[in-house]
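Asker: Handing you a structure now.
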Amino acid sequence: MIRGAPRGRRSPRREAPSADGASLFEDGGTTGMDETTQGFRADAPQGAAETDLERSEQMRIREAKLDALRAAGQDPFETVRFPATHHAADIVAGFAGMEGKPVAIAGRLLGKRGMGKASFGDLQDRSGRIQLFVKVDELGEDAYAEWLKLDLGDLVGVEGTAFRTNRGEISVRVARYTLLAKCLRPLPDKFKGLKDMDVRYRQRYLDLIVNPEVQETFQRRSRIVRTIRTYLDERGFLEVDTPMLSAIAGGAAARPFETHHNALDLDLFLRIAPELYLKRLIVGGFERVYELGRMFRNEGISIRHNPEFSMMEVYQAYTDYKGMMELAEGIVSACAQEVLGTTRIVYQGVDVDLTPPFARLTMRDAVLAHTGVDFDALDDAAARRLAAERGLDPLKAATRGEVMNLFFEEYVEAKLVQPTFIHDYPTEISPLTKKKPGRPDLTERFELFIVGREYGNAYSELNDPFDQRERFAAQAKRRAEGDEEAYQVDDDFLTALEYGMPPTGGLGIGIDRLVMLLTDSYSIRDVLLFPTMRPLPAGDAGREDGGEGPAEGREGVEGGNG
RNA sequence: GAGCCAUUAGCUCAGUCGGUAGAGCACUUGACUUUUAAUCAAGGGGUCCGGAGUUCGAGCCUCCGAUGGCUCACCA
């Protein structure tokens, strides 16, 4: 880029005006602009050589405008603050009491309608958009000439008065403005928005600028997460943070990501679930704990799966899985009420009623109702035979319970549209769950299904250390047989159980899926700001950037919310 | 991991039979002091995702590769 303009000649850091009413433009500062902008074509080939050839015509024009501003001592990037008094939506909503009153707002310029010596613009801030009205009479010749050179996407702060145009649109009559940052790249189409999914995910900021419904989705996501925290906090649950790095990835059936600690020369895993740590805290006496955060599972990517995803797990001493049903109903319906104002929602065109209580059905009854097969009346061999007859492919040693689960997933799951707790899961697929009294083949476990998807998973937590050791042993056997997702034995957790864990109910809720449900999002990527993507090949920053690799080398030290 | 589809100007998209690359928005210049996707006039802008092949000639046909979307598998 052609730079080298004298910087900070006027004052090293300009603060935008406001209270004292000092004009930004009292000393002009627009001289030289015309020569520079008109001369950019001549300058480009000589001055900036190759880099300019790579940039689009529109970028070179914008850079030339920036250079001219800098040459005039008006570097927009030196401005440090702009004290806005209002947001766009405040002015529109509260116009009755604001007409003629002074306002200062800041945001991105997303529309320009020039009319000669007057012009209109649209300013977008976090609250929405408002129209700006700019007149040469009020700004002065020089400042107005500068205004006309602003580009769509520039960040500006304006001061003026709230008023209504002849056509009735609530607007701000601009008395002064400050360019707060230059937008050097042209924005996506202002009406058609940004459609290319690749670009939308990789450059989410663009998606947020031009597709307003995307902002709405992520604001709603934030409110859902806050609602869950509030709901649990109000009921005496303590939010905690347990390790993301550990030598054993336990608490779920999934393949973990592997990593390495250099100083300890130790291989570690990224967590797949916080369960075993949270239960240690129940042993420790917290009685009510929860964690809401990111989990990592080394599995495929799909419309419902991302390698890192958010889950909430909550544990409550002295209750069981039925207590967790009430908690799950309460959380899901409270979130719907908070973000949609109702518990009767529509997901992808399907009416769903999230009003508690939700239907409750044992897995055996659900399978019986949908297939006519009563697994209580079968033994292992008969169950396997029946599966084979229907073209299912159970493992050779599959038990009755495993086959029943297979039937459930194959014939029932997709049909559970209205919220339904499916409970009494087979023991062999529930290694952390208490057995049902009198039915050692079943456990006190439920999963919550809505629109054919799983949203929650809960147990009466297994607290018998002998039983837990046997369950781990059974999992270890499977692991030895090649099941990479079978649980690893966690001796330290067993030790904790030997000190005594109170009877406890535990519940996990998939945050991303809940957000999908309540934002009517088709894909999980639409509720993740930055879904996992393959990096673009080196040297082909392509659609993204002509220069330095974007954001690489900055590890995501993300906030603790999920 | 497999199959199908997509990739053309900054964005959204056309592109016929293989014969000099098109539109709208955006951009530049000019006109215009209350517009609403402002309008009017003129103009500039292309690694047709990358590579190889077929052909006199490839955005288009063939092969290889990249990225994404969808479906399936795994999973929550």
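Naming scheme: A, B, ... for chains in displayed order of the structure tokens; residues 1 onward per chain; ligands 1 onward as shown.
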Could you find all residues in region 358-438 of chain A that DSSP calls alpha helix (DSSP H) from the backbone, and write them as a list in words?
Answerer: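 Output for region 358-438 of chain A, alpha helix (DSSP H) only: Met363, Arg364, Asp365, Ala366, Val367, Leu368, Ala369, His370, Thr371, Asp380, Ala381, Ala382, Ala383, Arg384, Arg385, Leu386, Ala387, Ala388, Glu389, Arg400, Gly401, Glu402, Val403, Met404, Asn405, Leu406 and Phe407 of chain A.
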Asker: Can I get the residues of chain A within 6 Å of chain B, each with the closest pair of atoms and their distance in Å to one decimal, using only C-alpha atoms (C1' of nucleotides), sorted chain first then ascending number, as a tab-separated table?
Answerer:
```
residue	atom	partner	partner_atom	distance
A:Gln58	CA	B:C27	C1'	6.0
A:Met115	CA	B:C32	C1'	5.5
A:Gly116	CA	B:C32	C1'	4.8
A:Lys117	CA	B:U33	C1'	5.0
A:Ala118	CA	B:U33	C1'	4.9
A:Thr165	CA	B:U34	C1'	5.8
A:Asn166	CA	B:U34	C1'	5.6
A:Pro186	CA	B:G10	C1'	5.1
A:Pro188	CA	B:C11	C1'	4.1
A:Asp189	CA	B:C11	C1'	4.3
A:Lys192	CA	B:U12	C1'	5.9
A:Asp198	CA	B:G68	C1'	5.4
```
Asker: Keeping only N, CA, C and O atoms, write those residues as an mmCIF file, in the first residue's frame.
Answerer:
```cif
data_model
loop_
_atom_site.group_PDB
_atom_site.id
_atom_site.type_symbol
_atom_site.label_atom_id
_atom_site.label_comp_id
_atom_site.auth_asym_id
_atom_site.auth_seq_id
_atom_site.Cartn_x
_atom_site.Cartn_y
_atom_site.Cartn_z
ATOM 1 N N GLN A 58 -11.896 -1.896 -6.438
ATOM 2 C CA GLN A 58 -12.629 -1.226 -5.364
ATOM 3 C C GLN A 58 -11.775 -1.073 -4.121
ATOM 4 O O GLN A 58 -11.873 -0.078 -3.398
ATOM 5 N N MET A 115 -28.374 13.001 -3.167
ATOM 6 C CA MET A 115 -29.383 13.815 -3.852
ATOM 7 C C MET A 115 -28.770 15.135 -4.280
ATOM 8 O O MET A 115 -29.434 16.160 -4.330
ATOM 9 N N GLY A 116 -27.473 15.154 -4.487
ATOM 10 C CA GLY A 116 -26.836 16.417 -4.787
ATOM 11 C C GLY A 116 -26.365 17.087 -3.513
ATOM 12 O O GLY A 116 -25.483 16.576 -2.838
ATOM 13 N N LYS A 117 -26.997 18.212 -3.168
ATOM 14 C CA LYS A 117 -26.523 18.949 -1.995
ATOM 15 C C LYS A 117 -27.140 18.441 -0.698
ATOM 16 O O LYS A 117 -26.926 19.019 0.361
ATOM 17 N N ALA A 118 -27.917 17.383 -0.804
ATOM 18 C CA ALA A 118 -28.397 16.680 0.391
ATOM 19 C C ALA A 118 -28.264 15.194 0.105
ATOM 20 O O ALA A 118 -28.217 14.788 -1.051
ATOM 21 N N THR A 165 -38.649 12.712 8.426
ATOM 22 C CA THR A 165 -38.591 13.300 7.085
ATOM 23 C C THR A 165 -39.995 13.546 6.556
ATOM 24 O O THR A 165 -40.982 13.107 7.136
ATOM 25 N N ASN A 166 -40.059 14.257 5.431
ATOM 26 C CA ASN A 166 -41.355 14.523 4.797
ATOM 27 C C ASN A 166 -42.097 13.230 4.493
ATOM 28 O O ASN A 166 -43.318 13.193 4.504
ATOM 29 N N PRO A 186 -15.033 -3.979 -0.113
ATOM 30 C CA PRO A 186 -16.464 -3.819 -0.382
ATOM 31 C C PRO A 186 -17.279 -4.904 0.317
ATOM 32 O O PRO A 186 -16.856 -6.059 0.385
ATOM 33 N N PRO A 188 -20.611 -7.417 0.988
ATOM 34 C CA PRO A 188 -21.520 -8.197 0.150
ATOM 35 C C PRO A 188 -22.747 -7.380 -0.244
ATOM 36 O O PRO A 188 -23.041 -6.354 0.360
ATOM 37 N N ASP A 189 -23.459 -7.864 -1.207
ATOM 38 C CA ASP A 189 -24.642 -7.198 -1.740
ATOM 39 C C ASP A 189 -25.610 -6.807 -0.627
ATOM 40 O O ASP A 189 -25.951 -7.607 0.233
ATOM 41 N N LYS A 192 -29.198 -8.751 -1.408
ATOM 42 C CA LYS A 192 -29.177 -10.209 -1.508
ATOM 43 C C LYS A 192 -28.421 -10.828 -0.342
ATOM 44 O O LYS A 192 -28.509 -12.023 -0.108
ATOM 45 N N ASP A 198 -19.665 -21.208 2.661
ATOM 46 C CA ASP A 198 -18.256 -21.274 3.025
ATOM 47 C C ASP A 198 -17.800 -19.930 3.595
ATOM 48 O O ASP A 198 -17.213 -19.854 4.679
#
```
Asker: So that I can check the surroundings of C13 (chain B), please list as a PyMOL selection string every protein, DNA and RNA residue that reaches within 10 Å of it, counting only C-alpha atoms (C1' of nucleotides) and ignoring chain neighbours fewer than 3 positions away.
Answerer: chain B and resi 8+23-24
Asker: Save out the residues we just selected, all heavy atoms, as a PDB file, in the first residue's frame.
Answerer:
```pdb
ATOM      1  P     U B   8     -17.738 -18.565  -8.213  1.00  0.00           P
ATOM      2  OP1   U B   8     -16.712 -17.740  -7.549  1.00  0.00           O
ATOM      3  OP2   U B   8     -19.156 -18.343  -7.947  1.00  0.00           O
ATOM      4  O5'   U B   8     -17.518 -18.486  -9.794  1.00  0.00           O
ATOM      5  C5'   U B   8     -16.220 -18.338 -10.319  1.00  0.00           C
ATOM      6  C4'   U B   8     -16.262 -17.543 -11.594  1.00  0.00           C
ATOM      7  O4'   U B   8     -17.115 -18.208 -12.563  1.00  0.00           O
ATOM      8  C3'   U B   8     -16.882 -16.161 -11.470  1.00  0.00           C
ATOM      9  O3'   U B   8     -15.981 -15.210 -10.943  1.00  0.00           O
ATOM     10  C2'   U B   8     -17.274 -15.881 -12.913  1.00  0.00           C
ATOM     11  O2'   U B   8     -16.125 -15.591 -13.692  1.00  0.00           O
ATOM     12  C1'   U B   8     -17.810 -17.250 -13.340  1.00  0.00           C
ATOM     13  N1    U B   8     -19.254 -17.383 -13.070  1.00  0.00           N
ATOM     14  C2    U B   8     -20.132 -16.746 -13.943  1.00  0.00           C
ATOM     15  O2    U B   8     -19.747 -16.092 -14.897  1.00  0.00           O
ATOM     16  N3    U B   8     -21.455 -16.901 -13.646  1.00  0.00           N
ATOM     17  C4    U B   8     -21.998 -17.595 -12.599  1.00  0.00           C
ATOM     18  O4    U B   8     -23.208 -17.648 -12.468  1.00  0.00           O
ATOM     19  C5    U B   8     -21.028 -18.230 -11.742  1.00  0.00           C
ATOM     20  C6    U B   8     -19.725 -18.098 -12.006  1.00  0.00           C
ATOM     21  P     A B  23     -23.215  -6.306 -19.074  1.00  0.00           P
ATOM     22  OP1   A B  23     -23.545  -5.074 -19.812  1.00  0.00           O
ATOM     23  OP2   A B  23     -22.015  -6.357 -18.211  1.00  0.00           O
ATOM     24  O5'   A B  23     -24.468  -6.709 -18.183  1.00  0.00           O
ATOM     25  C5'   A B  23     -25.764  -6.816 -18.773  1.00  0.00           C
ATOM     26  C4'   A B  23     -26.754  -7.290 -17.750  1.00  0.00           C
ATOM     27  O4'   A B  23     -26.377  -8.614 -17.286  1.00  0.00           O
ATOM     28  C3'   A B  23     -26.815  -6.461 -16.466  1.00  0.00           C
ATOM     29  O3'   A B  23     -27.638  -5.322 -16.619  1.00  0.00           O
ATOM     30  C2'   A B  23     -27.401  -7.464 -15.473  1.00  0.00           C
ATOM     31  O2'   A B  23     -28.791  -7.616 -15.669  1.00  0.00           O
ATOM     32  C1'   A B  23     -26.717  -8.754 -15.921  1.00  0.00           C
ATOM     33  N9    A B  23     -25.479  -9.046 -15.175  1.00  0.00           N
ATOM     34  C8    A B  23     -24.190  -8.825 -15.588  1.00  0.00           C
ATOM     35  N7    A B  23     -23.276  -9.214 -14.721  1.00  0.00           N
ATOM     36  C5    A B  23     -24.025  -9.711 -13.672  1.00  0.00           C
ATOM     37  C6    A B  23     -23.658 -10.287 -12.442  1.00  0.00           C
ATOM     38  N6    A B  23     -22.396 -10.455 -12.058  1.00  0.00           N
ATOM     39  N1    A B  23     -24.642 -10.686 -11.612  1.00  0.00           N
ATOM     40  C2    A B  23     -25.913 -10.531 -12.003  1.00  0.00           C
ATOM     41  N3    A B  23     -26.388 -10.013 -13.134  1.00  0.00           N
ATOM     42  C4    A B  23     -25.375  -9.618 -13.937  1.00  0.00           C
ATOM     43  P     G B  24     -27.382  -4.020 -15.752  1.00  0.00           P
ATOM     44  OP1   G B  24     -28.259  -2.963 -16.292  1.00  0.00           O
ATOM     45  OP2   G B  24     -25.921  -3.797 -15.657  1.00  0.00           O
ATOM     46  O5'   G B  24     -27.903  -4.420 -14.305  1.00  0.00           O
ATOM     47  C5'   G B  24     -29.297  -4.557 -14.050  1.00  0.00           C
ATOM     48  C4'   G B  24     -29.510  -5.024 -12.631  1.00  0.00           C
ATOM     49  O4'   G B  24     -28.944  -6.356 -12.484  1.00  0.00           O
ATOM     50  C3'   G B  24     -28.796  -4.211 -11.557  1.00  0.00           C
ATOM     51  O3'   G B  24     -29.517  -3.047 -11.186  1.00  0.00           O
ATOM     52  C2'   G B  24     -28.693  -5.214 -10.417  1.00  0.00           C
ATOM     53  O2'   G B  24     -29.933  -5.359  -9.762  1.00  0.00           O
ATOM     54  C1'   G B  24     -28.379  -6.503 -11.193  1.00  0.00           C
ATOM     55  N9    G B  24     -26.938  -6.702 -11.333  1.00  0.00           N
ATOM     56  C8    G B  24     -26.153  -6.374 -12.410  1.00  0.00           C
ATOM     57  N7    G B  24     -24.896  -6.673 -12.243  1.00  0.00           N
ATOM     58  C5    G B  24     -24.839  -7.217 -10.984  1.00  0.00           C
ATOM     59  C6    G B  24     -23.746  -7.730 -10.240  1.00  0.00           C
ATOM     60  O6    G B  24     -22.550  -7.794 -10.576  1.00  0.00           O
ATOM     61  N1    G B  24     -24.129  -8.190  -8.991  1.00  0.00           N
ATOM     62  C2    G B  24     -25.418  -8.178  -8.518  1.00  0.00           C
ATOM     63  N2    G B  24     -25.592  -8.657  -7.292  1.00  0.00           N
ATOM     64  N3    G B  24     -26.457  -7.712  -9.188  1.00  0.00           N
ATOM     65  C4    G B  24     -26.094  -7.251 -10.400  1.00  0.00           C
TER      66        G B  24
END
```
Asker: So that I can see what lies close to Ala369 (chain A), please list as a ChimeraX atom specification the residues with an atom at most 12 Å from it, counting only C-alpha atoms (C1' of nucleotides) and leaving out residues fewer than 6 positions away in the same chain.
Answerer: /A:361-363,375,407-408,411-412,415-416
Asker: Would you work out the distance separating CA of Phe257 (chain A) from CA of Pro537 (chain A), expressed in Å to one decimal?
Answerer: 22.8 Å
Asker: Give me the residues within 10 Å of region 52-54 of chain B as an MDAnalysis selection string, counting only C-alpha atoms (C1' of nucleotides) and dropping any in the same chain fewer than 2 places off.
Answerer: chainID B and resid 58 61:64
Asker: Restricting the output to C-alpha atoms (C1' of nucleotides), write the selected residues as a PDB file, in the first residue's frame.
Answerer:
```pdb
ATOM      1  C1'   A B  58     -12.447 -24.926 -23.684  1.00  0.00           C
ATOM      2  C1'   C B  61     -15.906 -31.918 -22.926  1.00  0.00           C
ATOM      3  C1'   U B  62     -12.345 -35.719 -20.131  1.00  0.00           C
ATOM      4  C1'   C B  63      -9.061 -36.824 -15.938  1.00  0.00           C
ATOM      5  C1'   C B  64      -6.645 -35.429 -11.233  1.00  0.00           C
TER       6        C B  64
END
```
Asker: Just want the 10 Å neighbourhood of Gln131 (chain A), counted on only C-alpha atoms (C1' of nucleotides), with same-chain residues fewer than 2 positions away dropped. Output as number ranges by chain.
Answerer: A: 88, 92, 109-112, 120-124, 129, 133-134, 164-165, 169-173; B: 36
Asker: Those residues you just picked out, can you put them in a file as an mmCIF file, in the first residue's frame with N, CA, C and O atoms (P, O5', C5', C4', C3', O3' and C1' of nucleotides)?
Answerer:
```
data_model
loop_
_atom_site.group_PDB
_atom_site.id
_atom_site.type_symbol
_atom_site.label_atom_id
_atom_site.label_comp_id
_atom_site.auth_asym_id
_atom_site.auth_seq_id
_atom_site.Cartn_x
_atom_site.Cartn_y
_atom_site.Cartn_z
ATOM 1 N N ALA A 88 -29.666 3.120 17.524
ATOM 2 C CA ALA A 88 -30.635 3.378 16.457
ATOM 3 C C ALA A 88 -32.055 3.026 16.895
ATOM 4 O O ALA A 88 -32.993 3.801 16.731
ATOM 5 N N VAL A 92 -35.807 5.238 17.251
ATOM 6 C CA VAL A 92 -37.040 4.871 16.550
ATOM 7 C C VAL A 92 -38.148 4.569 17.561
ATOM 8 O O VAL A 92 -39.274 5.070 17.444
ATOM 9 N N LEU A 109 -21.988 2.402 8.163
ATOM 10 C CA LEU A 109 -22.780 3.009 7.094
ATOM 11 C C LEU A 109 -23.120 1.933 6.062
ATOM 12 O O LEU A 109 -22.231 1.356 5.431
ATOM 13 N N LEU A 110 -24.404 1.640 5.916
ATOM 14 C CA LEU A 110 -24.788 0.541 5.023
ATOM 15 C C LEU A 110 -25.671 0.981 3.866
ATOM 16 O O LEU A 110 -26.124 0.158 3.083
ATOM 17 N N GLY A 111 -25.901 2.273 3.762
ATOM 18 C CA GLY A 111 -26.691 2.733 2.622
ATOM 19 C C GLY A 111 -26.357 4.189 2.342
ATOM 20 O O GLY A 111 -26.049 4.948 3.275
ATOM 21 N N LYS A 112 -26.338 4.545 1.091
ATOM 22 C CA LYS A 112 -26.101 5.946 0.709
ATOM 23 C C LYS A 112 -27.029 6.285 -0.441
ATOM 24 O O LYS A 112 -27.079 5.553 -1.428
ATOM 25 N N PHE A 120 -28.933 10.956 1.864
ATOM 26 C CA PHE A 120 -29.418 10.078 2.933
ATOM 27 C C PHE A 120 -28.460 8.917 3.107
ATOM 28 O O PHE A 120 -27.735 8.555 2.194
ATOM 29 N N GLY A 121 -28.463 8.368 4.282
ATOM 30 C CA GLY A 121 -27.639 7.195 4.531
ATOM 31 C C GLY A 121 -28.341 6.319 5.544
ATOM 32 O O GLY A 121 -29.313 6.731 6.188
ATOM 33 N N ASP A 122 -27.878 5.082 5.662
ATOM 34 C CA ASP A 122 -28.408 4.180 6.684
ATOM 35 C C ASP A 122 -27.273 3.768 7.591
ATOM 36 O O ASP A 122 -26.236 3.307 7.122
ATOM 37 N N LEU A 123 -27.500 3.947 8.890
ATOM 38 C CA LEU A 123 -26.485 3.582 9.868
ATOM 39 C C LEU A 123 -26.979 2.376 10.649
ATOM 40 O O LEU A 123 -28.094 2.354 11.149
ATOM 41 N N GLN A 124 -26.118 1.362 10.752
ATOM 42 C CA GLN A 124 -26.499 0.154 11.496
ATOM 43 C C GLN A 124 -25.629 0.035 12.734
ATOM 44 O O GLN A 124 -24.405 0.034 12.643
ATOM 45 N N ARG A 129 -31.122 -0.350 12.564
ATOM 46 C CA ARG A 129 -30.728 0.674 11.596
ATOM 47 C C ARG A 129 -31.551 1.942 11.774
ATOM 48 O O ARG A 129 -32.690 1.884 12.212
ATOM 49 N N PHE A 133 -29.824 11.886 7.597
ATOM 50 C CA PHE A 133 -30.074 12.924 6.601
ATOM 51 C C PHE A 133 -28.955 13.949 6.708
ATOM 52 O O PHE A 133 -28.706 14.491 7.785
ATOM 53 N N VAL A 134 -28.276 14.182 5.607
ATOM 54 C CA VAL A 134 -27.107 15.046 5.606
ATOM 55 C C VAL A 134 -27.304 16.151 4.577
ATOM 56 O O VAL A 134 -27.671 15.873 3.440
ATOM 57 N N ARG A 164 -38.225 13.630 11.767
ATOM 58 C CA ARG A 164 -38.958 12.783 10.844
ATOM 59 C C ARG A 164 -38.963 13.458 9.472
ATOM 60 O O ARG A 164 -39.226 14.653 9.365
ATOM 61 N N THR A 165 -38.649 12.712 8.426
ATOM 62 C CA THR A 165 -38.591 13.300 7.085
ATOM 63 C C THR A 165 -39.995 13.546 6.556
ATOM 64 O O THR A 165 -40.982 13.107 7.136
ATOM 65 N N GLU A 169 -40.144 9.057 7.618
ATOM 66 C CA GLU A 169 -39.184 8.134 8.222
ATOM 67 C C GLU A 169 -38.383 8.806 9.331
ATOM 68 O O GLU A 169 -37.799 9.878 9.146
ATOM 69 N N ILE A 170 -38.368 8.141 10.479
ATOM 70 C CA ILE A 170 -37.590 8.655 11.604
ATOM 71 C C ILE A 170 -36.113 8.584 11.247
ATOM 72 O O ILE A 170 -35.616 7.557 10.799
ATOM 73 N N SER A 171 -35.417 9.703 11.436
ATOM 74 C CA SER A 171 -34.041 9.822 10.952
ATOM 75 C C SER A 171 -33.232 10.675 11.917
ATOM 76 O O SER A 171 -33.771 11.235 12.869
ATOM 77 N N VAL A 172 -31.932 10.768 11.641
ATOM 78 C CA VAL A 172 -31.078 11.700 12.371
ATOM 79 C C VAL A 172 -30.590 12.754 11.386
ATOM 80 O O VAL A 172 -30.023 12.414 10.343
ATOM 81 N N ARG A 173 -30.853 14.007 11.709
ATOM 82 C CA ARG A 173 -30.351 15.112 10.895
ATOM 83 C C ARG A 173 -28.928 15.375 11.372
ATOM 84 O O ARG A 173 -28.709 15.776 12.513
ATOM 85 P P U B 36 -37.790 7.511 -3.464
ATOM 86 O "O5'" U B 36 -37.337 6.360 -2.476
ATOM 87 C "C5'" U B 36 -36.255 5.486 -2.827
ATOM 88 C "C4'" U B 36 -35.973 4.551 -1.664
ATOM 89 C "C3'" U B 36 -37.098 3.552 -1.399
ATOM 90 O "O3'" U B 36 -36.517 2.321 -1.013
ATOM 91 C "C1'" U B 36 -36.678 4.837 0.539
#
```
Asker: Could you pull out all residues of region 60-227 of chain A with a DSSP call of strand (DSSP E or B) and give them as number ranges by chain?
Answerer: A: 102-114, 118-125, 128-135, 155-164, 170-181
Asker: My list of candidates is A:Pro431, A:Gly160, A:Pro274, A:Pro502. Which is closest to Met98 (chain A) when distances are computed with only C-alpha atoms?
Answerer: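 The closest residue to Met98 (chain A) is A:Gly160.
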Asker: Pick out the residues sitting within 12 Å of G57 (chain B), and hand them over as JSON, numbers by chain; count only C-alpha atoms (C1' of nucleotides), and ignore anything fewer than 3 positions along from it in its own chain.
Answerer: {"B": [18, 19, 20, 54]}
